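To start, the structure under review is shown below, and the notes come after it.
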Amino acid sequence: MIRTERLCKDYDGFAAVKDVTLHVEPGEIYGFLGPNGAGKTTIILMLLGIEKPTKGRIFLFGQPLQENYFRLKHRVGVLGERQYIYDDMTAREYLRFFAGLYQVKEKDRRIEALLEAVGLRHFGEVRARDYSRGMQQKLGLVRALLHDADLLILDEPVSGLDPHGILEVRHLIQEQNRRGRTVFISSHILSEVERTAHRVGIIHHGVLMAEDSLDNLRSRLRQQVELEVELQEVQPGLVESLSGLEFVREVAIKDNKLTLKLDAATDFRPQVFATISACGGVIVEMRTKEMSLEEAFVTITERNVSLLAGSEE
Amino acid sequence: MRPQGSWRYRWHAALLIQRRDLRSIILGLSMYIVLSLSLLASALILRNYLNFVNESGLLVLSDPFRLPFLIVTFLFSLFLALSSVTTIAREKDQGTLEVLFYGPVDCFSYILGKYLAQISSYLVAAAIYVCCFILYADLTNLIFPFSMTWVIILSVLTISAVIAFGIFLSTLTGTARAALLLFLGVVLVFVAIQAGHEVLANISPQGRYYNPILFLKNVFSFLNKVANWLSPFSYFNQGMNAVRRSSGISYLVMLLVSAVYSVAFLGLSMVTLERKGVRK
């Protein structure tokens with residue numbers, strides 16, 4: 001759906017984007033993550049033909065944008081980082097203008113349905129400049145969804161929204177994805193991306209550091225697994241038995257809870273279970289603590305860990 | 001290479017941008033202020049003619065509406081020049097230009113849409129002017145001659161050149177304020193050249209040897225000729241002179257020059273916008 005090949009962008013000698021090769025597959029939600037100034041927006045602008053790459057190639061729907069500019073643009077819906085709205089138009093006039101631009105059929109019905117979905121139907125006749133930031137964000141999202149695009153490129157889609165608005169937008173994005181739309185979300189709100197994205201790309205200092213599913217990223221990053229075990233009662237000698245296992249790195253105990261740090265090579269839970277049982281312990285709960293996307297992101301960006309094929313840590 | 005179907009999309013986008021901008025001009029107050037002021041100025045000129053007839057009983061004028069039309073066209077062209085100069089720079093400044101380019105809009109369709117909006121606002125204004133002048137003619141018994149048709153056609157093409165020039169200046173800057181300053185700077189240069197030329201033309205160099213005044217005279221004369229071709233404001237005057245002299249060829253040359261000027265500056269605007277980008 002989106003493919004870039006060794007994409008570079010220089011601004012007066014400053015390399016904002018370096019050799020970025022990314023792939024977004026049809027029908028997926030792709031989270032594009034990176035700290036501020038990492039090069040996310042620059043890449044989005046290059047995807048849209050607004051910025052020209054210094055080097056490299058871009059393919060949308062398998063074609064270079066410049067070869068079929070207008071047809072491809074009709075298949076892409078875009079929500080920018082900031083919402084720029086005509087001062088003199090009401091929300092409905094603004095949406096009618098863009099519906100006309102994209103040649104949307106039955107535009108009034110479509111506009112009303114989308115305004116309803118984001119809770120703006122009763123504000124359609126208000127001048128868009130008088131909208132709050134969150135309302136403008138929703139209006140921008142409606143503009144991006146107007147023409148039922150095959151590919152949605154959303155730059156910080158939930159920024160400026162209240163929790164209720166975040167939920168509405170998340171449902172809208174997931175609904176679009178269920179209907180077969182590919183969604184490319186650029187964000188630094190990691191919890192949101194973690195909830196919605198199937199795969200993520202992490203960019204740092206203009207370099208794509210990782211591109212994979214969340215589960216794969218976690219398993220590739222972790223060297224240790226943290227296992228939390230709640231017992232009915234801690235039996236004497238249990239801690240020593242567990243510490244004696246060769247895959248156990250550390251054992252900590254607090255009240256009836258054990259925290260074990262294990263090698264991440266394989267799943268050692270059956271052995272842990274067997275050792276506790278052998279000591280006469282009764283397990284109330286056992287769970288593995290997963291690495292969050294935030295932890296993965298921090299590990300990659302702070303330690304400059306590249307998880308791309310052919311690169312070394 | 002973009003496929004042939006691109007032209008259909010481009011034309012569609014240009015017409016939508018034209019409609020949006022024209023609506024904004026027509027619903028704004030500025031156009032009506034300029035229309036009122038220019039019609040008031042033309043009415044004052046006509047009243048002067050009538051006073052003269054009252055006082056001396058005779059007025060020898062082949063076309064009493066020519067000067068009033070020159071005035072209204074000049075004032076409206078100034079309004080359109082300012083409007084064109086700020087139109088793209090303001091959109092760039094506000095960020096709405098970037099949002100347009102997220103969609104199926106390119107530099108060609110955008111510049112064409114902007115141009116069409118401005119020129120159609122003049123067509124609306126010209127229709128209002130003609131209606132008012134016919135009303136004036138009816139009220140005053142002065143004749144609104146058929147030759148005014150040629151003047152009106154000329155005004156459309158020369159104003160088109162003014163708009164193209166304004167749009168070009170607008171693509172050079174990133175804010176409406178900078179665009180206005182650039183426009184004022186360019187106009188000042190044109191005025192300074194013309195004033196310098198006229199002042200020097202009235203001084204006759206003395207002495208038999210090399211005189212720096214003579215050199216300056218030649219320089220300003222050359223600059224004045226260049227400015228006359230570069231400044232779109234001078235085209236209407238030159239065309240009016242051709243109509244007055246009934247010189248069909250000169251008239252057609254001015255129409256052609258205005259059309260070529262418009263196309264050239266619109267082309268330059270597209271290239272400039274493409275190179276400078278649409279972002280703030």
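By convention in this document, the chains of the structure tokens carry letters A, B, ... by their order, each chain's residues are numbered from 1, and ligands are numbered from 1 in the order they are shown.
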- request: Tell me, as a ChimeraX atom specification, which residues lie within 7 Å of stretch 109-117 of chain B, counting only C-alpha atoms; anything in the same chain fewer than 4 positions away does not count.
  value: /B:10-11,13-15,17-19,21-22,105,121,163-164,270
- prompt: If we count only C-alpha atoms, what is near B:Phe222 at a cut-off of 10 Å, once residues fewer than 6 positions away on the same chain are taken out, given as a list in words?
  reply: Ile193, His197, Leu216 and Asn228 of chain B
message: Using Å and a single decimal, report how far atom CA of A:Val78 sits from atom CA of B:Arg8.
response: 22.3 Å
Distance query A:Ala38 at most 10 Å, only C-alpha atoms, self and fewer than 3 positions along chain excluded, as a PyMOL selection string: chain A and resi 16-17+33-35+41-43+202-208
Residue list for chain B near chain A as number ranges by chain, 8 Å, only C-alpha atoms: B: 1-3, 6, 9, 12-13, 16, 20, 24, 94-96, 98-99, 101-105, 277-279
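For the pair atom CA of A:Val200 and atom CA of A:Leu152, the separation is 15.3 Å.
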